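Undergrad: entry.cif is reproduced below (mmCIF, N, CA and C atoms).
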data_run
loop_
_atom_site.label_atom_id
_atom_site.label_comp_id
_atom_site.auth_asym_id
_atom_site.auth_seq_id
_atom_site.Cartn_x
_atom_site.Cartn_y
_atom_site.Cartn_z
N VAL A 1 -2.79 -4.86 5.84
CA VAL A 1 -4.22 -4.74 5.58
C VAL A 1 -4.71 -3.47 6.24
N GLY A 2 -5.43 -2.64 5.49
CA GLY A 2 -5.98 -1.41 6.03
C GLY A 2 -7.26 -1.70 6.79
N SER A 3 -8.20 -0.79 6.68
CA SER A 3 -9.45 -0.97 7.41
C SER A 3 -10.41 -1.91 6.69
N GLU A 4 -10.10 -2.23 5.45
CA GLU A 4 -10.99 -3.10 4.69
C GLU A 4 -10.20 -4.25 4.08
N MET A 5 -10.73 -5.43 4.17
CA MET A 5 -10.14 -6.61 3.55
C MET A 5 -11.15 -7.12 2.54
N CYS A 6 -10.73 -7.33 1.33
CA CYS A 6 -11.67 -7.75 0.29
C CYS A 6 -11.52 -9.22 -0.02
N ILE A 7 -12.64 -9.85 -0.24
CA ILE A 7 -12.64 -11.19 -0.82
C ILE A 7 -13.34 -11.04 -2.15
N ARG A 8 -12.67 -11.39 -3.19
CA ARG A 8 -13.24 -11.28 -4.53
C ARG A 8 -13.60 -12.68 -4.98
N ASP A 9 -14.88 -12.98 -4.98
CA ASP A 9 -15.33 -14.32 -5.30
C ASP A 9 -15.60 -14.52 -6.79
N ARG A 10 -15.36 -13.52 -7.60
CA ARG A 10 -15.67 -13.64 -9.02
C ARG A 10 -14.93 -14.80 -9.68
N SER A 11 -13.80 -15.17 -9.14
CA SER A 11 -12.98 -16.21 -9.77
C SER A 11 -12.81 -17.43 -8.87
N VAL A 12 -13.87 -17.85 -8.24
CA VAL A 12 -13.80 -19.07 -7.44
C VAL A 12 -13.88 -20.24 -8.39
N ASP A 13 -12.88 -21.12 -8.27
CA ASP A 13 -12.91 -22.28 -9.15
C ASP A 13 -13.50 -23.48 -8.42
N ASP A 14 -13.48 -24.62 -9.08
CA ASP A 14 -14.10 -25.81 -8.49
C ASP A 14 -13.33 -26.34 -7.29
N LYS A 15 -12.16 -25.76 -6.98
CA LYS A 15 -11.40 -26.14 -5.80
C LYS A 15 -11.71 -25.24 -4.61
N GLY A 16 -12.60 -24.27 -4.81
CA GLY A 16 -12.98 -23.39 -3.71
C GLY A 16 -11.94 -22.33 -3.39
N GLN A 17 -11.24 -21.83 -4.39
CA GLN A 17 -10.22 -20.82 -4.16
C GLN A 17 -10.84 -19.43 -4.19
N TYR A 18 -10.30 -18.58 -3.32
CA TYR A 18 -10.75 -17.20 -3.18
C TYR A 18 -9.59 -16.27 -3.49
N PHE A 19 -9.89 -15.03 -3.79
CA PHE A 19 -8.86 -14.02 -4.02
C PHE A 19 -9.03 -12.95 -2.96
N ILE A 20 -7.96 -12.68 -2.20
CA ILE A 20 -8.02 -11.74 -1.09
C ILE A 20 -7.30 -10.46 -1.45
N ASP A 21 -7.86 -9.34 -1.02
CA ASP A 21 -7.29 -8.01 -1.24
C ASP A 21 -6.97 -7.75 -2.71
N ARG A 22 -7.87 -8.18 -3.56
CA ARG A 22 -7.78 -7.95 -4.99
C ARG A 22 -6.50 -8.51 -5.61
N GLY A 23 -5.96 -9.53 -4.96
CA GLY A 23 -4.75 -10.18 -5.47
C GLY A 23 -5.06 -11.06 -6.66
N THR A 24 -4.01 -11.50 -7.32
CA THR A 24 -4.19 -12.37 -8.48
C THR A 24 -3.87 -13.82 -8.15
N THR A 25 -3.34 -14.06 -6.95
CA THR A 25 -3.03 -15.42 -6.53
C THR A 25 -4.19 -15.95 -5.69
N PRO A 26 -4.77 -17.08 -6.09
CA PRO A 26 -5.90 -17.62 -5.32
C PRO A 26 -5.48 -18.08 -3.94
N THR A 27 -6.41 -17.93 -2.99
CA THR A 27 -6.22 -18.41 -1.62
C THR A 27 -7.20 -19.56 -1.39
N PRO A 28 -6.70 -20.75 -1.12
CA PRO A 28 -7.61 -21.87 -0.87
C PRO A 28 -8.46 -21.60 0.37
N LYS A 29 -9.65 -22.15 0.38
CA LYS A 29 -10.57 -21.98 1.51
C LYS A 29 -9.91 -22.35 2.82
N GLU A 30 -9.05 -23.36 2.81
CA GLU A 30 -8.39 -23.82 4.02
C GLU A 30 -7.45 -22.76 4.60
N GLN A 31 -7.07 -21.77 3.82
CA GLN A 31 -6.17 -20.73 4.30
C GLN A 31 -6.89 -19.43 4.67
N LEU A 32 -8.19 -19.38 4.47
CA LEU A 32 -8.94 -18.17 4.78
C LEU A 32 -8.90 -17.83 6.27
N ALA A 33 -9.04 -18.82 7.13
CA ALA A 33 -9.06 -18.56 8.57
C ALA A 33 -7.78 -17.87 9.01
N ALA A 34 -6.64 -18.34 8.54
CA ALA A 34 -5.36 -17.74 8.91
C ALA A 34 -5.27 -16.31 8.37
N ALA A 35 -5.72 -16.09 7.14
CA ALA A 35 -5.68 -14.75 6.55
C ALA A 35 -6.60 -13.80 7.30
N PHE A 36 -7.78 -14.27 7.66
CA PHE A 36 -8.72 -13.43 8.39
C PHE A 36 -8.20 -13.11 9.79
N SER A 37 -7.66 -14.12 10.46
CA SER A 37 -7.12 -13.91 11.80
C SER A 37 -5.97 -12.91 11.78
N ALA A 38 -5.11 -13.00 10.78
CA ALA A 38 -4.00 -12.05 10.65
C ALA A 38 -4.53 -10.63 10.45
N ALA A 39 -5.59 -10.49 9.67
CA ALA A 39 -6.17 -9.17 9.43
C ALA A 39 -6.76 -8.59 10.71
N VAL A 40 -7.42 -9.43 11.51
CA VAL A 40 -8.00 -8.97 12.77
C VAL A 40 -6.91 -8.59 13.76
N THR A 41 -5.81 -9.33 13.75
CA THR A 41 -4.69 -9.00 14.63
C THR A 41 -4.12 -7.62 14.28
N LYS A 42 -4.01 -7.34 12.99
CA LYS A 42 -3.48 -6.04 12.55
C LYS A 42 -4.47 -4.91 12.82
N ASN A 43 -5.75 -5.21 12.65
CA ASN A 43 -6.79 -4.19 12.83
C ASN A 43 -8.07 -4.86 13.31
N PRO A 44 -8.38 -4.77 14.61
CA PRO A 44 -9.59 -5.43 15.14
C PRO A 44 -10.89 -4.93 14.51
N ASP A 45 -10.84 -3.76 13.87
CA ASP A 45 -12.04 -3.21 13.24
C ASP A 45 -12.08 -3.44 11.73
N VAL A 46 -11.29 -4.39 11.26
CA VAL A 46 -11.25 -4.66 9.82
C VAL A 46 -12.65 -4.99 9.30
N ILE A 47 -12.91 -4.57 8.08
CA ILE A 47 -14.19 -4.84 7.43
C ILE A 47 -13.94 -5.81 6.28
N LEU A 48 -14.71 -6.88 6.23
CA LEU A 48 -14.63 -7.81 5.11
C LEU A 48 -15.62 -7.35 4.05
N ALA A 49 -15.12 -7.03 2.87
CA ALA A 49 -15.98 -6.64 1.75
C ALA A 49 -16.01 -7.79 0.76
N VAL A 50 -17.16 -8.41 0.62
CA VAL A 50 -17.31 -9.56 -0.28
C VAL A 50 -17.78 -9.06 -1.63
N ASP A 51 -17.01 -9.38 -2.66
CA ASP A 51 -17.34 -8.98 -4.03
C ASP A 51 -17.65 -10.25 -4.80
N ALA A 52 -18.93 -10.59 -4.88
CA ALA A 52 -19.33 -11.86 -5.48
C ALA A 52 -20.13 -11.66 -6.75
N SER A 53 -19.72 -12.33 -7.78
CA SER A 53 -20.47 -12.32 -9.03
C SER A 53 -21.77 -13.09 -8.84
N LYS A 54 -22.75 -12.78 -9.65
CA LYS A 54 -24.03 -13.50 -9.59
C LYS A 54 -23.86 -14.97 -9.96
N ASP A 55 -22.75 -15.31 -10.60
CA ASP A 55 -22.51 -16.69 -11.02
C ASP A 55 -21.85 -17.55 -9.95
N VAL A 56 -21.43 -16.93 -8.84
CA VAL A 56 -20.77 -17.68 -7.78
C VAL A 56 -21.81 -18.41 -6.94
N ASP A 57 -21.53 -19.65 -6.61
CA ASP A 57 -22.42 -20.45 -5.78
C ASP A 57 -22.64 -19.78 -4.43
N TYR A 58 -23.88 -19.66 -4.02
CA TYR A 58 -24.25 -19.02 -2.75
C TYR A 58 -23.51 -19.65 -1.57
N GLY A 59 -23.41 -20.97 -1.57
CA GLY A 59 -22.75 -21.68 -0.48
C GLY A 59 -21.28 -21.32 -0.35
N THR A 60 -20.63 -21.03 -1.46
CA THR A 60 -19.22 -20.64 -1.44
C THR A 60 -19.04 -19.33 -0.69
N VAL A 61 -19.93 -18.39 -0.92
CA VAL A 61 -19.88 -17.10 -0.24
C VAL A 61 -20.18 -17.28 1.25
N ILE A 62 -21.19 -18.07 1.57
CA ILE A 62 -21.56 -18.30 2.97
C ILE A 62 -20.42 -18.96 3.74
N GLN A 63 -19.70 -19.88 3.11
CA GLN A 63 -18.56 -20.51 3.78
C GLN A 63 -17.52 -19.47 4.17
N ALA A 64 -17.23 -18.54 3.28
CA ALA A 64 -16.25 -17.49 3.58
C ALA A 64 -16.74 -16.61 4.72
N ILE A 65 -18.02 -16.28 4.72
CA ILE A 65 -18.58 -15.45 5.79
C ILE A 65 -18.51 -16.18 7.13
N ASP A 66 -18.82 -17.45 7.14
CA ASP A 66 -18.74 -18.24 8.38
C ASP A 66 -17.31 -18.27 8.91
N ILE A 67 -16.34 -18.43 8.02
CA ILE A 67 -14.94 -18.45 8.44
C ILE A 67 -14.55 -17.08 8.98
N ALA A 68 -15.03 -16.02 8.35
CA ALA A 68 -14.74 -14.66 8.82
C ALA A 68 -15.32 -14.43 10.22
N LYS A 69 -16.52 -14.90 10.46
CA LYS A 69 -17.14 -14.75 11.78
C LYS A 69 -16.34 -15.51 12.84
N GLU A 70 -15.87 -16.69 12.52
CA GLU A 70 -15.06 -17.47 13.45
C GLU A 70 -13.74 -16.76 13.77
N ALA A 71 -13.24 -15.99 12.80
CA ALA A 71 -11.99 -15.25 13.00
C ALA A 71 -12.23 -13.92 13.71
N LYS A 72 -13.48 -13.67 14.11
CA LYS A 72 -13.86 -12.47 14.86
C LYS A 72 -13.91 -11.20 14.01
N ILE A 73 -14.14 -11.36 12.69
CA ILE A 73 -14.41 -10.18 11.86
C ILE A 73 -15.84 -9.77 12.17
N LYS A 74 -16.00 -8.54 12.65
CA LYS A 74 -17.30 -8.08 13.14
C LYS A 74 -18.14 -7.40 12.07
N LYS A 75 -17.47 -6.84 11.05
CA LYS A 75 -18.20 -6.09 10.02
C LYS A 75 -17.98 -6.74 8.67
N ILE A 76 -19.09 -7.08 8.02
CA ILE A 76 -19.04 -7.71 6.71
C ILE A 76 -19.98 -6.94 5.78
N GLY A 77 -19.45 -6.55 4.64
CA GLY A 77 -20.25 -5.82 3.66
C GLY A 77 -20.20 -6.54 2.33
N PHE A 78 -21.06 -6.13 1.42
CA PHE A 78 -21.12 -6.76 0.11
C PHE A 78 -21.03 -5.71 -0.98
N ASN A 79 -20.16 -5.95 -1.94
CA ASN A 79 -20.12 -5.14 -3.16
C ASN A 79 -20.99 -5.87 -4.15
N THR A 80 -21.84 -5.16 -4.86
CA THR A 80 -22.75 -5.81 -5.78
C THR A 80 -22.56 -5.28 -7.19
N GLU A 81 -22.95 -6.10 -8.15
CA GLU A 81 -22.92 -5.69 -9.54
C GLU A 81 -24.25 -5.00 -9.84
N VAL A 82 -24.19 -3.93 -10.59
CA VAL A 82 -25.40 -3.23 -10.99
C VAL A 82 -25.74 -3.70 -12.40
N LYS A 83 -26.94 -4.20 -12.55
CA LYS A 83 -27.40 -4.70 -13.84
C LYS A 83 -27.96 -3.54 -14.65
N ASN A 84 -27.50 -3.40 -15.87
CA ASN A 84 -28.00 -2.35 -16.76
C ASN A 84 -29.35 -2.80 -17.31
N THR A 85 -30.40 -2.05 -16.96
CA THR A 85 -31.75 -2.45 -17.39
C THR A 85 -32.33 -1.54 -18.46
N ASN A 86 -31.50 -0.61 -18.97
CA ASN A 86 -32.06 0.31 -19.97
C ASN A 86 -31.56 0.00 -21.37
N GLY A 87 -31.21 -1.24 -21.63
CA GLY A 87 -30.82 -1.65 -22.97
C GLY A 87 -29.46 -1.13 -23.40
N GLY A 88 -28.58 -0.81 -22.45
CA GLY A 88 -27.24 -0.35 -22.79
C GLY A 88 -27.15 1.12 -23.10
N GLN A 89 -28.20 1.87 -22.85
CA GLN A 89 -28.19 3.31 -23.16
C GLN A 89 -27.83 4.12 -21.96
#
Go through the file and emit its structure as C-alpha cells.
TA:
Amino acid sequence: VGSEMCIRDRSVDDKGQYFIDRGTTPTPKEQLAAAFSAAVTKNPDVILAVDASKDVDYGTVIQAIDIAKEAKIKKIGFNTEVKNTNGGQ
C-alpha cells in the first residue's frame, strides 16, 4: 500500500462488502479493521480515500470511517462524483 488506500463503496452489496485499493474482490466489513491496520503498519501516514456512489447507504460509509479511525488512520478524504448539470453538453 502506498500513501493512499482506497475504499470503493460503489459496489457495496447487502452483505456489507467493500472493495479496497480498487480491487475486484470484495472485502467483508469484518475484515476492514485488519486491512486498515496492515496499511497503517506499512505507512503510518496512509490516507483513506473513500469513493462512494450517491446510491450507497450513508451508514455503510460511516461504518468504514469508524473502523478506519479505530485502526489509527489519521487522514480520510472523499472522492466525489460530479453531476453533469448542463444537459450533457
Undergrad: So what do you get for atom C of A:Ala38 versus atom C of A:Lys74, distance-wise?
TA: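 Separating atom C of A:Ala38 from atom C of A:Lys74 is a distance of 14.1 Å.
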Undergrad: On this file, the PyMOL selection byres ((chain A and resi 75) around 5) gives some set of residues; write that set as a PyMOL selection string.
TA: chain A and resi 47-48+73-74+76-77
Undergrad: Skip A:Phe36 itself and residues of its chain fewer than 6 positions away, then list as JSON, numbers by chain all residues within 12 Å of it, counting only C-alpha atoms.
TA: {"A": [1, 4, 5, 6, 7, 20, 21, 27, 29, 30, 42, 43, 44, 45, 46, 47, 48, 49, 64, 65, 66, 67, 68, 69, 70, 71, 72, 73, 74, 76]}
Undergrad: Could you check the closest approach to A:Asp51 for each of A:Gln63, A:Asn79, A:Tyr18, A:Thr25 and tell me which residue wins, using all atoms listed in the file?
TA: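 Nearest to A:Asp51: A:Asn79.
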Undergrad: Work out how far apart atom CA of A:Ser37 and atom CA of A:Asp55 are and give it in Å to one decimal.
TA: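 Between atom CA of A:Ser37 and atom CA of A:Asp55 the gap is 27.7 Å.
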Undergrad: Do you have the atom N of A:Gly59-atom CA of A:Thr41 distance handy?
TA: 27.5 Å
